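Raw contents of coords_38.cif, mmCIF, C-alpha atoms:
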```cif
data_target
loop_
_atom_site.label_atom_id
_atom_site.label_comp_id
_atom_site.auth_asym_id
_atom_site.auth_seq_id
_atom_site.Cartn_x
_atom_site.Cartn_y
_atom_site.Cartn_z
CA MET A 1 16.06 171.65 148.94
CA LEU A 2 15.55 175.14 150.39
CA THR A 3 17.88 176.17 153.21
CA MET A 4 17.92 179.06 155.66
CA ASP A 5 21.08 180.47 154.08
CA THR A 6 19.81 180.43 150.49
CA PHE A 7 16.17 181.41 151.12
CA SER A 8 15.19 185.09 151.25
CA PHE A 9 12.43 185.94 153.72
CA LYS A 10 12.12 189.52 152.44
CA GLY A 11 8.45 190.51 152.55
CA ARG A 12 7.45 187.00 153.71
CA LYS A 13 5.53 185.93 156.80
CA ALA A 14 7.28 182.83 158.12
CA LEU A 15 5.16 180.41 160.11
CA VAL A 16 7.75 178.75 162.35
CA ARG A 17 7.20 175.63 164.47
CA VAL A 18 9.56 176.05 167.41
CA ASP A 19 10.04 174.22 170.69
CA LEU A 20 9.25 176.64 173.52
CA ASN A 21 8.34 173.82 175.90
CA VAL A 22 10.44 175.32 178.69
CA PRO A 23 10.13 174.92 182.47
CA LEU A 24 8.18 177.64 184.29
CA ALA A 25 8.00 178.52 187.99
CA ASP A 26 5.76 181.30 189.28
CA GLY A 27 5.20 182.48 185.73
CA ARG A 28 8.91 182.79 184.95
CA VAL A 29 11.15 180.77 182.64
CA THR A 30 13.66 178.82 184.75
CA ASP A 31 15.70 177.27 181.90
CA ASP A 32 15.73 179.07 178.54
CA THR A 33 17.98 176.64 176.65
CA ARG A 34 15.27 175.81 174.09
CA ALA A 35 14.26 179.45 173.69
CA ARG A 36 17.86 180.53 173.05
CA ALA A 37 18.25 177.75 170.48
CA ILE A 38 15.68 179.30 168.10
CA VAL A 39 17.15 182.83 168.14
CA PRO A 40 19.44 182.33 165.08
CA THR A 41 16.49 181.21 162.93
CA VAL A 42 14.28 184.11 164.04
CA ASN A 43 17.10 186.64 163.57
CA LYS A 44 17.75 185.43 159.99
CA ILE A 45 14.07 185.85 159.09
CA LEU A 46 13.99 189.38 160.52
CA ALA A 47 17.35 190.40 159.03
CA ASP A 48 16.07 189.42 155.57
CA GLY A 49 13.12 191.77 156.01
CA GLY A 50 10.56 189.15 156.88
CA SER A 51 8.32 188.61 159.91
CA ALA A 52 8.08 185.55 162.17
CA ILE A 53 4.95 183.86 163.51
CA LEU A 54 6.07 181.38 166.15
CA MET A 55 3.95 178.41 167.24
CA SER A 56 4.74 175.90 169.97
CA HIS A 57 3.26 173.68 172.63
CA LEU A 58 3.95 173.92 176.36
CA GLY A 59 3.37 171.02 178.73
CA ARG A 60 0.43 168.64 178.48
CA PRO A 61 -2.83 170.60 178.70
CA LYS A 62 -4.69 167.70 177.03
CA GLY A 63 -6.66 169.79 174.56
CA LYS A 64 -7.95 172.35 177.04
CA ALA A 65 -6.93 175.93 177.83
CA VAL A 66 -4.87 175.79 181.03
CA PRO A 67 -3.83 179.31 182.18
CA GLU A 68 -0.69 177.99 183.93
CA LEU A 69 0.51 176.62 180.57
CA SER A 70 0.09 179.84 178.59
CA LEU A 71 3.02 180.79 176.38
CA LYS A 72 2.68 184.48 177.33
CA PRO A 73 5.54 184.39 179.91
CA VAL A 74 7.70 182.59 177.35
CA ALA A 75 6.91 185.24 174.73
CA ASP A 76 7.93 187.94 177.23
CA HIS A 77 11.20 186.12 177.91
CA LEU A 78 11.82 185.70 174.20
CA ALA A 79 11.52 189.48 173.80
CA THR A 80 14.48 189.83 176.16
CA LEU A 81 16.52 187.27 174.20
CA LEU A 82 15.74 188.94 170.86
CA GLY A 83 16.12 192.48 172.19
CA LYS A 84 12.82 193.57 170.67
CA ASP A 85 9.10 193.60 171.35
CA VAL A 86 7.28 190.31 170.78
CA LEU A 87 3.55 190.34 170.07
CA PHE A 88 1.29 187.66 171.52
CA ALA A 89 -1.95 186.15 170.22
CA THR A 90 -4.39 184.85 172.83
CA ASP A 91 -5.08 181.78 170.65
CA CYS A 92 -3.21 179.99 167.87
CA VAL A 93 -6.19 180.08 165.50
CA GLY A 94 -9.27 182.30 165.27
CA ASP A 95 -9.89 186.05 165.10
CA ASP A 96 -7.07 187.34 167.32
CA ALA A 97 -4.41 185.17 165.67
CA ASN A 98 -5.71 185.96 162.18
CA ARG A 99 -5.79 189.72 162.79
CA LYS A 100 -2.36 189.92 164.40
CA ALA A 101 -0.78 187.73 161.72
CA ARG A 102 -2.42 189.78 158.95
CA ASP A 103 -1.18 193.07 160.43
CA LEU A 104 2.34 191.81 161.19
CA ALA A 105 4.95 194.09 159.62
CA PRO A 106 8.45 193.10 158.41
CA GLY A 107 10.81 192.84 161.37
CA GLN A 108 8.05 191.91 163.82
CA VAL A 109 7.60 188.69 165.84
CA LEU A 110 4.29 187.15 166.89
CA VAL A 111 3.99 184.22 169.32
CA LEU A 112 0.78 182.18 169.17
CA GLU A 113 -0.86 180.70 172.25
CA ASN A 114 -0.20 177.04 173.19
CA LEU A 115 -1.07 174.73 170.28
CA ARG A 116 -2.07 171.92 172.62
CA PHE A 117 -4.94 173.94 174.04
CA HIS A 118 -6.68 172.40 170.99
CA PRO A 119 -7.08 168.59 170.81
CA GLU A 120 -6.81 168.87 167.02
CA GLU A 121 -3.06 169.59 167.32
CA GLU A 122 -2.02 166.18 168.65
CA ALA A 123 -4.70 164.48 166.51
CA GLY A 124 -3.04 165.88 163.37
CA ASP A 125 -6.35 167.39 162.25
CA PRO A 126 -6.14 168.68 158.62
CA ALA A 127 -8.64 171.52 159.15
CA PHE A 128 -6.70 172.77 162.19
CA ALA A 129 -3.45 172.53 160.22
CA GLN A 130 -5.05 174.53 157.40
CA ALA A 131 -6.11 177.23 159.87
CA LEU A 132 -2.52 177.49 161.06
CA ALA A 133 -1.16 177.51 157.50
CA HIS A 134 -3.46 180.43 156.66
CA LEU A 135 -1.37 182.65 158.98
CA GLY A 136 1.90 182.54 157.00
CA ASP A 137 3.24 182.16 153.47
CA VAL A 138 6.36 180.08 154.17
CA TYR A 139 6.71 177.22 156.69
CA VAL A 140 9.84 176.63 158.77
CA ASN A 141 10.19 173.67 161.13
CA ASP A 142 12.78 174.38 163.83
CA ALA A 143 11.44 172.03 166.53
CA PHE A 144 13.51 168.85 166.65
CA GLY A 145 12.02 167.94 170.04
CA THR A 146 8.65 167.25 168.38
CA ALA A 147 9.89 166.01 164.99
CA HIS A 148 8.90 162.44 165.92
CA ARG A 149 5.24 163.48 166.32
CA ALA A 150 2.83 163.55 163.37
CA HIS A 151 0.99 166.54 164.84
CA ALA A 152 -0.85 169.25 162.92
CA SER A 153 1.87 171.88 163.41
CA THR A 154 4.86 169.58 162.83
CA THR A 155 3.74 167.52 159.86
CA ILE A 156 0.26 168.14 158.42
CA VAL A 157 0.71 171.91 158.06
CA ALA A 158 3.69 171.39 155.72
CA ARG A 159 1.34 170.06 153.03
CA SER A 160 0.01 173.59 152.57
CA PHE A 161 3.49 174.82 151.58
CA PRO A 162 4.58 172.45 148.77
CA HIS A 163 7.24 174.87 147.46
CA ASP A 164 7.99 177.02 150.50
CA ARG A 165 8.97 174.77 153.40
CA LEU A 166 12.36 174.33 155.02
CA PHE A 167 14.26 173.42 158.17
CA GLY A 168 15.35 176.11 160.59
CA TYR A 169 18.98 176.31 161.71
CA LEU A 170 18.34 174.26 164.87
CA LEU A 171 16.58 171.34 163.15
CA GLN A 172 19.10 171.33 160.29
CA GLY A 173 21.89 171.26 162.87
CA GLU A 174 20.33 168.22 164.57
CA ILE A 175 20.09 166.36 161.26
CA ASP A 176 23.66 167.25 160.33
CA SER A 177 25.03 166.20 163.74
CA VAL A 178 23.46 162.73 163.59
CA SER A 179 24.66 162.35 160.00
CA LYS A 180 28.23 163.14 161.10
CA VAL A 181 28.02 160.38 163.70
CA LEU A 182 26.11 157.63 161.90
CA ASP A 183 26.71 158.23 158.18
CA LYS A 184 30.27 159.51 157.83
CA PRO A 185 32.09 159.25 161.17
CA LYS A 186 35.80 159.51 161.74
CA ARG A 187 36.97 156.20 163.24
CA PRO A 188 36.92 154.83 165.84
CA LEU A 189 33.25 155.60 166.49
CA THR A 190 32.15 154.96 170.09
CA ALA A 191 28.58 155.03 171.38
CA ILE A 192 28.01 155.43 175.12
CA VAL A 193 24.54 154.23 176.02
CA GLY A 194 23.18 154.54 179.55
CA GLY A 195 19.96 155.09 181.41
CA SER A 196 17.85 152.87 183.56
CA LYS A 197 16.23 150.42 181.14
CA VAL A 198 17.30 148.25 178.22
CA SER A 199 13.70 148.28 176.97
CA SER A 200 13.92 151.96 175.98
CA LYS A 201 17.22 151.49 174.13
CA ILE A 202 16.92 148.07 172.41
CA ASP A 203 16.38 149.47 168.93
CA VAL A 204 19.08 152.10 169.44
CA LEU A 205 21.59 149.41 170.42
CA ARG A 206 20.66 147.21 167.47
CA ASN A 207 21.03 150.10 165.03
CA LEU A 208 24.34 151.20 166.51
CA LEU A 209 25.92 147.73 166.44
CA GLY A 210 26.13 147.85 162.67
CA LYS A 211 27.81 151.25 162.70
CA CYS A 212 30.10 151.53 165.75
CA ASP A 213 33.56 150.27 166.62
CA HIS A 214 32.88 150.42 170.38
CA VAL A 215 29.66 150.45 172.43
CA ILE A 216 29.87 151.31 176.13
CA ILE A 217 26.86 150.31 178.23
CA GLY A 218 26.31 151.86 181.66
CA GLY A 219 23.53 152.92 183.98
CA GLY A 220 20.80 150.67 185.28
CA MET A 221 20.47 148.94 181.92
CA ALA A 222 23.95 147.40 182.40
CA ASN A 223 22.54 145.26 185.25
CA THR A 224 20.38 143.31 182.80
CA PHE A 225 23.47 142.49 180.72
CA VAL A 226 25.42 141.48 183.84
CA LYS A 227 22.64 139.13 184.98
CA ALA A 228 22.26 137.77 181.45
CA ALA A 229 25.92 136.70 181.63
CA GLY A 230 25.29 134.85 184.91
CA GLY A 231 26.26 137.60 187.35
CA GLN A 232 24.71 138.29 190.77
CA THR A 233 22.93 141.65 190.72
CA GLY A 234 21.43 141.75 194.23
CA ALA A 235 18.47 144.13 194.44
CA SER A 236 19.56 146.12 191.36
CA LEU A 237 17.06 147.11 188.70
CA VAL A 238 16.98 144.23 186.20
CA GLU A 239 14.55 143.57 183.35
CA ASP A 240 14.29 139.79 183.64
CA ASP A 241 12.12 139.54 180.54
CA LEU A 242 14.97 140.99 178.47
CA LEU A 243 17.80 138.66 179.52
CA ASP A 244 17.60 136.77 176.22
CA THR A 245 17.56 140.09 174.36
CA ALA A 246 20.69 141.20 176.20
CA ARG A 247 22.44 137.93 175.32
CA ALA A 248 21.40 138.35 171.67
CA ILE A 249 22.85 141.87 171.59
CA VAL A 250 26.16 140.57 172.99
CA GLU A 251 26.26 137.85 170.33
CA GLN A 252 25.40 140.33 167.57
CA ALA A 253 28.22 142.62 168.70
CA LYS A 254 30.67 139.70 168.37
CA LYS A 255 29.40 138.91 164.86
CA ASP A 256 29.66 142.56 163.82
CA GLY A 257 33.15 142.93 165.27
CA VAL A 258 31.97 145.61 167.72
CA GLN A 259 33.74 145.80 171.07
CA LEU A 260 31.06 145.88 173.77
CA HIS A 261 32.17 147.37 177.09
CA LEU A 262 30.20 146.62 180.28
CA PRO A 263 30.95 147.78 183.83
CA THR A 264 33.28 145.48 185.78
CA ASP A 265 32.56 147.14 189.12
CA ALA A 266 29.83 149.28 190.65
CA VAL A 267 29.01 151.69 193.43
CA VAL A 268 26.37 149.83 195.43
CA ALA A 269 23.89 151.01 198.07
CA ASP A 270 21.56 149.31 200.53
CA ALA A 271 18.68 151.64 199.54
CA PHE A 272 17.69 153.91 196.65
CA SER A 273 18.58 157.04 198.58
CA ALA A 274 21.25 159.73 198.67
CA THR A 275 21.77 158.89 202.37
CA ALA A 276 22.03 155.11 201.92
CA ASN A 277 25.08 153.12 202.99
CA THR A 278 27.39 152.72 200.02
CA ASP A 279 30.26 150.47 198.98
CA THR A 280 31.96 149.21 195.83
CA ALA A 281 31.55 145.69 194.48
CA GLN A 282 32.35 143.73 191.36
CA ALA A 283 29.47 144.30 188.94
CA ASP A 284 28.65 140.57 188.90
CA GLN A 285 28.91 140.16 192.68
CA VAL A 286 26.41 142.65 194.11
CA PRO A 287 25.37 141.45 197.59
CA ASP A 288 21.78 140.46 198.33
CA GLY A 289 19.68 143.47 199.30
CA TRP A 290 22.14 145.92 197.71
CA MET A 291 21.78 147.66 194.35
CA ALA A 292 24.24 149.01 191.77
CA LEU A 293 23.58 152.75 191.36
CA ASP A 294 26.71 153.88 189.51
CA ILE A 295 29.71 152.45 187.70
CA GLY A 296 32.79 151.91 189.89
CA PRO A 297 36.39 153.21 189.64
CA GLU A 298 37.66 150.27 187.50
CA SER A 299 34.88 150.85 184.98
CA ILE A 300 35.49 154.60 184.96
CA LYS A 301 39.14 154.01 184.08
CA ALA A 302 38.34 151.48 181.34
CA PHE A 303 35.55 153.57 179.79
CA ARG A 304 37.72 156.68 179.89
CA GLU A 305 40.49 154.93 177.93
CA VAL A 306 38.03 153.90 175.19
CA VAL A 307 36.54 157.41 174.97
CA LEU A 308 39.91 159.15 174.73
CA LYS A 309 40.97 156.94 171.81
CA SER A 310 37.78 157.71 169.85
CA ARG A 311 37.44 160.15 166.95
CA THR A 312 33.63 160.26 166.98
CA LEU A 313 31.47 159.97 170.10
CA LEU A 314 27.76 159.58 170.70
CA TRP A 315 26.48 159.72 174.27
CA ASN A 316 22.89 158.97 175.27
CA GLY A 317 22.07 158.19 178.89
CA PRO A 318 23.86 158.58 182.27
CA MET A 319 26.11 156.01 183.94
CA GLY A 320 24.22 156.04 187.23
CA VAL A 321 21.69 157.89 189.35
CA PHE A 322 23.58 161.15 188.86
CA GLU A 323 20.80 163.20 190.46
CA MET A 324 22.05 161.83 193.81
CA GLU A 325 25.54 163.05 194.73
CA PRO A 326 26.96 159.67 195.92
CA PHE A 327 26.20 158.20 192.47
CA GLN A 328 27.44 161.01 190.22
CA GLN A 329 31.06 160.06 189.68
CA GLY A 330 30.57 157.71 186.73
CA THR A 331 28.50 160.22 184.76
CA ILE A 332 30.88 163.08 185.63
CA ALA A 333 33.90 161.01 184.55
CA VAL A 334 32.32 160.06 181.22
CA ALA A 335 31.23 163.65 180.59
CA GLN A 336 34.75 164.89 181.31
CA ALA A 337 36.30 162.22 179.08
CA VAL A 338 33.97 163.14 176.20
CA ALA A 339 34.89 166.81 176.67
CA GLU A 340 38.62 165.97 176.73
CA ALA A 341 38.35 163.87 173.57
CA THR A 342 36.50 166.76 171.91
CA ASP A 343 39.26 169.16 172.96
CA LYS A 344 41.68 166.86 171.13
CA GLY A 345 39.68 166.94 167.90
CA ALA A 346 37.01 164.24 168.27
CA TYR A 347 33.44 165.01 167.17
CA SER A 348 30.94 164.51 170.01
CA LEU A 349 27.16 164.41 170.02
CA VAL A 350 25.29 164.31 173.32
CA GLY A 351 21.55 163.58 173.16
CA GLY A 352 18.79 162.61 175.56
CA GLY A 353 17.41 164.64 178.43
CA ASP A 354 19.54 163.16 181.24
CA SER A 355 22.83 163.31 179.33
CA VAL A 356 22.17 166.90 178.28
CA ALA A 357 21.23 167.78 181.87
CA ALA A 358 24.49 166.20 183.04
CA VAL A 359 26.80 168.14 180.69
CA ASN A 360 24.94 171.34 181.59
CA GLN A 361 25.05 170.59 185.33
CA PHE A 362 28.78 169.88 185.23
CA GLY A 363 29.57 172.93 183.07
CA LEU A 364 30.85 170.97 180.07
CA ALA A 365 28.30 171.82 177.36
CA ASP A 366 30.60 174.30 175.62
CA ARG A 367 33.23 171.56 175.22
CA ILE A 368 30.84 169.21 173.37
CA SER A 369 30.59 169.45 169.56
CA TYR A 370 26.79 169.27 169.53
CA VAL A 371 24.26 169.07 172.37
CA SER A 372 20.89 167.88 171.07
CA THR A 373 17.63 169.53 172.10
CA GLY A 374 15.47 166.47 171.44
CA GLY A 375 14.98 163.57 173.85
CA GLY A 376 12.43 161.19 172.34
CA ALA A 377 13.10 162.52 168.85
CA MET A 378 16.82 161.86 169.19
CA LEU A 379 16.17 158.29 170.40
CA GLU A 380 13.90 157.50 167.44
CA TYR A 381 16.37 159.09 165.02
CA LEU A 382 19.18 156.94 166.45
CA GLU A 383 16.95 153.89 166.01
CA GLY A 384 17.00 154.60 162.29
CA LYS A 385 13.33 155.61 162.13
CA GLU A 386 12.03 158.23 159.72
CA LEU A 387 10.70 161.16 161.77
CA PRO A 388 7.37 162.59 160.50
CA GLY A 389 8.46 166.21 161.07
CA ILE A 390 11.57 165.69 158.95
CA ALA A 391 9.83 163.65 156.25
CA ALA A 392 7.19 166.41 155.91
CA ILE A 393 9.92 168.83 154.75
CA THR A 394 12.01 166.46 152.63
CA GLY A 395 9.14 164.45 151.13
#
```
Rewrite the structure from the file as structure tokens, please.
Amino acid sequence: MLTMDTFSFKGRKALVRVDLNVPLADGRVTDDTRARAIVPTVNKILADGGSAILMSHLGRPKGKAVPELSLKPVADHLATLLGKDVLFATDCVGDDANRKARDLAPGQVLVLENLRFHPEEEAGDPAFAQALAHLGDVYVNDAFGTAHRAHASTTIVARSFPHDRLFGYLLQGEIDSVSKVLDKPKRPLTAIVGGSKVSSKIDVLRNLLGKCDHVIIGGGMANTFVKAAGGQTGASLVEDDLLDTARAIVEQAKKDGVQLHLPTDAVVADAFSATANTDTAQADQVPDGWMALDIGPESIKAFREVVLKSRTLLWNGPMGVFEMEPFQQGTIAVAQAVAEATDKGAYSLVGGGDSVAAVNQFGLADRISYVSTGGGAMLEYLEGKELPGIAAITG
């Protein structure tokens, strides 16, 4: 398979699917993490003597041109990151895009307008994909965040480049990081799974049970497991329709020889509010009218011990409502433990929007082996699903 390191872009126009879906405020980029992540791929193309045509979506314009969701401010910000002028096409297909792509010289970068201004993008329309393909002569997918979507620019367009298609550095890095965790991990392998709902992580948990030595469950989803075991959960978020599922996961863990770790205590509150009255309680003895919003000190200590003994770590989902200061401690403690284990030689992968936000917020991202850029894509990959954007390159 072609790789960025072995492929020469000299004299080639690379059509690159990137993820420039960044937050904007008053026409300015407020978090450029995703933009910075594509710089190595773009720089390699330019250093080889090629040119880069970048295409991305931004937000959810629902197939219509929405001025507030134009990629022009992102293109301007990218120019600062690259240290060079970046051209901009007022559409991703049509006369302006065709002309600017045709005239693009080696060493130049062109950003196309928001792909999702056209309904054909999300519909995976072959004619739209062909119009995009016409702009370049080699296709690079460097957008892991959309690799689980069979859209025109992520999947269908690759058919037009049967011999000249490859992963960018970012997407290859995502694939390699998951492979290190799930395919050839150093043992013990521990997965930390949090977030509010079991329903969004059922398939992830099932897939991980056959691969992990330890699985730590925290966040709101832990309440469903506590209630399934006969505990009192007060007014905590519980998915009553998944109690049997939770019990089945516990039984499967026993069969597979996986140690499942659930919170033994919790920080509880009498309202879902940063100013609510708070207390600690045993996780299975939450008083009526109160809700568990974070793991408690006993659980923090126990989880920390498991993490620090691990050689490979996967973390997806916070331990509590970390956006509210009174309920941050569990997530902070886990993030710090993962960073400490990494410092001691463990391999750590953090994926999922909230977990990534947490390690960034607490200043620990540079002490994690790999911080994923894909939320939904990472979840589906961890479920063991084949992602259309990846299959389009490897198939």
I need the output of the PyMOL selection byres ((chain A and resi 247) around 12) for this file as a PDB file with C-alpha atoms, keeping the file's coordinate frame; which residues are they?
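Listed below is the output, result-v2.pdb:
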```pdb
ATOM      1  CA  VAL A 198      17.300 148.250 178.220  1.00  0.00           C
ATOM      2  CA  ILE A 202      16.920 148.070 172.410  1.00  0.00           C
ATOM      3  CA  ALA A 222      23.950 147.400 182.400  1.00  0.00           C
ATOM      4  CA  THR A 224      20.380 143.310 182.800  1.00  0.00           C
ATOM      5  CA  PHE A 225      23.470 142.490 180.720  1.00  0.00           C
ATOM      6  CA  VAL A 226      25.420 141.480 183.840  1.00  0.00           C
ATOM      7  CA  LYS A 227      22.640 139.130 184.980  1.00  0.00           C
ATOM      8  CA  ALA A 228      22.260 137.770 181.450  1.00  0.00           C
ATOM      9  CA  ALA A 229      25.920 136.700 181.630  1.00  0.00           C
ATOM     10  CA  GLY A 230      25.290 134.850 184.910  1.00  0.00           C
ATOM     11  CA  ASP A 240      14.290 139.790 183.640  1.00  0.00           C
ATOM     12  CA  ASP A 241      12.120 139.540 180.540  1.00  0.00           C
ATOM     13  CA  LEU A 242      14.970 140.990 178.470  1.00  0.00           C
ATOM     14  CA  LEU A 243      17.800 138.660 179.520  1.00  0.00           C
ATOM     15  CA  ASP A 244      17.600 136.770 176.220  1.00  0.00           C
ATOM     16  CA  THR A 245      17.560 140.090 174.360  1.00  0.00           C
ATOM     17  CA  ALA A 246      20.690 141.200 176.200  1.00  0.00           C
ATOM     18  CA  ALA A 248      21.400 138.350 171.670  1.00  0.00           C
ATOM     19  CA  ILE A 249      22.850 141.870 171.590  1.00  0.00           C
ATOM     20  CA  VAL A 250      26.160 140.570 172.990  1.00  0.00           C
ATOM     21  CA  GLU A 251      26.260 137.850 170.330  1.00  0.00           C
ATOM     22  CA  GLN A 252      25.400 140.330 167.570  1.00  0.00           C
ATOM     23  CA  ALA A 253      28.220 142.620 168.700  1.00  0.00           C
ATOM     24  CA  LYS A 254      30.670 139.700 168.370  1.00  0.00           C
ATOM     25  CA  LEU A 260      31.060 145.880 173.770  1.00  0.00           C
TER      26      LEU A 260
END
```
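Selection by the PyMOL selection byres ((chain A and resi 380-391) around 8) on the present file picks out Asn141, Phe144, Thr146, Ala147, His148, Arg149, Ala150, Thr154, Thr155, Val178, Asp203, Val204, Leu205, Arg206, Asn207, Leu208, Gly376, Ala377, Met378, Leu379, Ala392, Ile393, Thr394 and Gly395 of chain A.
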Requested in this report: Using the chain letters and numbers from the file, give me the residues hit by the PyMOL selection byres ((chain A and resi 71-86) around 9), as a ChimeraX atom specification.
Outcome: /A:20-22,24,27-29,32,35-36,39,42-43,56-58,68-70,87-90,108-114
To one decimal place, how far is atom CA of A:Gly351 from atom CA of A:Val371 in Å?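 Separating atom CA of A:Gly351 from atom CA of A:Val371 is a distance of 6.2 Å.
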Next item on the list: Work out how far apart atom CA of A:Gly257 and atom CA of A:Ser372 are and give it in Å to one decimal.
Entry: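 Atom-to-atom, atom CA of A:Gly257 and atom CA of A:Ser372 are spaced 28.4 Å apart.
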message = Measuring between all atoms listed in the file, which one of A:Glu239, A:Cys212, A:Glu298, A:Ile217 shows the shortest distance to A:Asp256?
response =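 Closest to A:Asp256 of all the choices is A:Cys212.
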* What is the distance between atom CA of A:Thr233 and atom CA of A:Ala357, in Å to one decimal? ->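 These two atoms are separated by 27.6 Å.
Minimum distance to A:Lys344 across A:Pro263, A:Arg102, A:Asp176, A:Val307 (counting all atoms listed in the file) occurs at A:Val307.
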Contact residues around A:Arg116 with all atoms listed in the file at 9 Å, ignoring same-chain residues under 2 positions, as number ranges by chain: A: 56-65, 113-114, 118-122
Just the selected residues (C-alpha atoms), exported as a PDB file, in the coordinates of the input, please.
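And here is the file that came out, result-v6.pdb:
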```pdb
ATOM      1  CA  SER A  56       4.740 175.900 169.970  1.00  0.00           C
ATOM      2  CA  HIS A  57       3.260 173.680 172.630  1.00  0.00           C
ATOM      3  CA  LEU A  58       3.950 173.920 176.360  1.00  0.00           C
ATOM      4  CA  GLY A  59       3.370 171.020 178.730  1.00  0.00           C
ATOM      5  CA  ARG A  60       0.430 168.640 178.480  1.00  0.00           C
ATOM      6  CA  PRO A  61      -2.830 170.600 178.700  1.00  0.00           C
ATOM      7  CA  LYS A  62      -4.690 167.700 177.030  1.00  0.00           C
ATOM      8  CA  GLY A  63      -6.660 169.790 174.560  1.00  0.00           C
ATOM      9  CA  LYS A  64      -7.950 172.350 177.040  1.00  0.00           C
ATOM     10  CA  ALA A  65      -6.930 175.930 177.830  1.00  0.00           C
ATOM     11  CA  GLU A 113      -0.860 180.700 172.250  1.00  0.00           C
ATOM     12  CA  ASN A 114      -0.200 177.040 173.190  1.00  0.00           C
ATOM     13  CA  HIS A 118      -6.680 172.400 170.990  1.00  0.00           C
ATOM     14  CA  PRO A 119      -7.080 168.590 170.810  1.00  0.00           C
ATOM     15  CA  GLU A 120      -6.810 168.870 167.020  1.00  0.00           C
ATOM     16  CA  GLU A 121      -3.060 169.590 167.320  1.00  0.00           C
ATOM     17  CA  GLU A 122      -2.020 166.180 168.650  1.00  0.00           C
TER      18      GLU A 122
END
```
For this session: Within 10 Å of A:Val334, counting all atoms listed in the file, which residues show up once you throw out same-chain ones fewer than 2 positions away? Write them as a PyMOL selection string, please.
Result: chain A and resi 192+300-301+303-304+307+315+318-319+329-332+336-340+359
What does the file look like for those residues with C-alpha atoms, as an mmCIF file, in the coordinates of the input?
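Contents of out-v3.cif, freshly written:
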```cif
data_model
loop_
_atom_site.group_PDB
_atom_site.id
_atom_site.type_symbol
_atom_site.label_atom_id
_atom_site.label_comp_id
_atom_site.auth_asym_id
_atom_site.auth_seq_id
_atom_site.Cartn_x
_atom_site.Cartn_y
_atom_site.Cartn_z
ATOM 1 C CA ILE A 192 28.010 155.430 175.120
ATOM 2 C CA ILE A 300 35.490 154.600 184.960
ATOM 3 C CA LYS A 301 39.140 154.010 184.080
ATOM 4 C CA PHE A 303 35.550 153.570 179.790
ATOM 5 C CA ARG A 304 37.720 156.680 179.890
ATOM 6 C CA VAL A 307 36.540 157.410 174.970
ATOM 7 C CA TRP A 315 26.480 159.720 174.270
ATOM 8 C CA PRO A 318 23.860 158.580 182.270
ATOM 9 C CA MET A 319 26.110 156.010 183.940
ATOM 10 C CA GLN A 329 31.060 160.060 189.680
ATOM 11 C CA GLY A 330 30.570 157.710 186.730
ATOM 12 C CA THR A 331 28.500 160.220 184.760
ATOM 13 C CA ILE A 332 30.880 163.080 185.630
ATOM 14 C CA GLN A 336 34.750 164.890 181.310
ATOM 15 C CA ALA A 337 36.300 162.220 179.080
ATOM 16 C CA VAL A 338 33.970 163.140 176.200
ATOM 17 C CA ALA A 339 34.890 166.810 176.670
ATOM 18 C CA GLU A 340 38.620 165.970 176.730
ATOM 19 C CA VAL A 359 26.800 168.140 180.690
#
```
*Write out as a PyMOL selection string the residues lying within 10 Å of A:Ser310, counting only C-alpha atoms and excluding same-chain residues fewer than 3 positions away.*
chain A and resi 186-191+213-214+305-307+313+338+341-342+345-348
Can I get the selected residues back with C-alpha atoms, as a compact mmCIF listing (two decimals), in the frame of the given file?
```
# COMPACT_ATOMS: atom_id res chain seq x y z
CA LYS A 186 35.80 159.51 161.74
CA ARG A 187 36.97 156.20 163.24
CA PRO A 188 36.92 154.83 165.84
CA LEU A 189 33.25 155.60 166.49
CA THR A 190 32.15 154.96 170.09
CA ALA A 191 28.58 155.03 171.38
CA ASP A 213 33.56 150.27 166.62
CA HIS A 214 32.88 150.42 170.38
CA GLU A 305 40.49 154.93 177.93
CA VAL A 306 38.03 153.90 175.19
CA VAL A 307 36.54 157.41 174.97
CA LEU A 313 31.47 159.97 170.10
CA VAL A 338 33.97 163.14 176.20
CA ALA A 341 38.35 163.87 173.57
CA THR A 342 36.50 166.76 171.91
CA GLY A 345 39.68 166.94 167.90
CA ALA A 346 37.01 164.24 168.27
CA TYR A 347 33.44 165.01 167.17
CA SER A 348 30.94 164.51 170.01
```
Mind running stretch 137-246 of chain A against stretch 273-289 of chain A at 6 Å and telling me each contacting residue's nearest atom pair with the distance in Å (one decimal), counting all atoms listed in the file, chain and number ascending, as JSON lines?
```
{"residue": "A:Gly231", "atom": "CA", "partner": "A:Asp284", "partner_atom": "CA", "distance": 4.1}
{"residue": "A:Gln232", "atom": "CA", "partner": "A:Asp284", "partner_atom": "CA", "distance": 4.9}
{"residue": "A:Thr233", "atom": "CA", "partner": "A:Val286", "partner_atom": "CA", "distance": 5.0}
{"residue": "A:Gly234", "atom": "CA", "partner": "A:Asp288", "partner_atom": "CA", "distance": 4.3}
{"residue": "A:Ala235", "atom": "CA", "partner": "A:Gly289", "partner_atom": "CA", "distance": 5.1}
```
Could you please take those selected residues and save C-alpha atoms as a PDB file, keeping the file's coordinate frame?
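Written output follows (again30.pdb):
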```
ATOM      1  CA  GLY A 231      26.260 137.600 187.350  1.00  0.00           C
ATOM      2  CA  GLN A 232      24.710 138.290 190.770  1.00  0.00           C
ATOM      3  CA  THR A 233      22.930 141.650 190.720  1.00  0.00           C
ATOM      4  CA  GLY A 234      21.430 141.750 194.230  1.00  0.00           C
ATOM      5  CA  ALA A 235      18.470 144.130 194.440  1.00  0.00           C
TER       6      ALA A 235
END
```
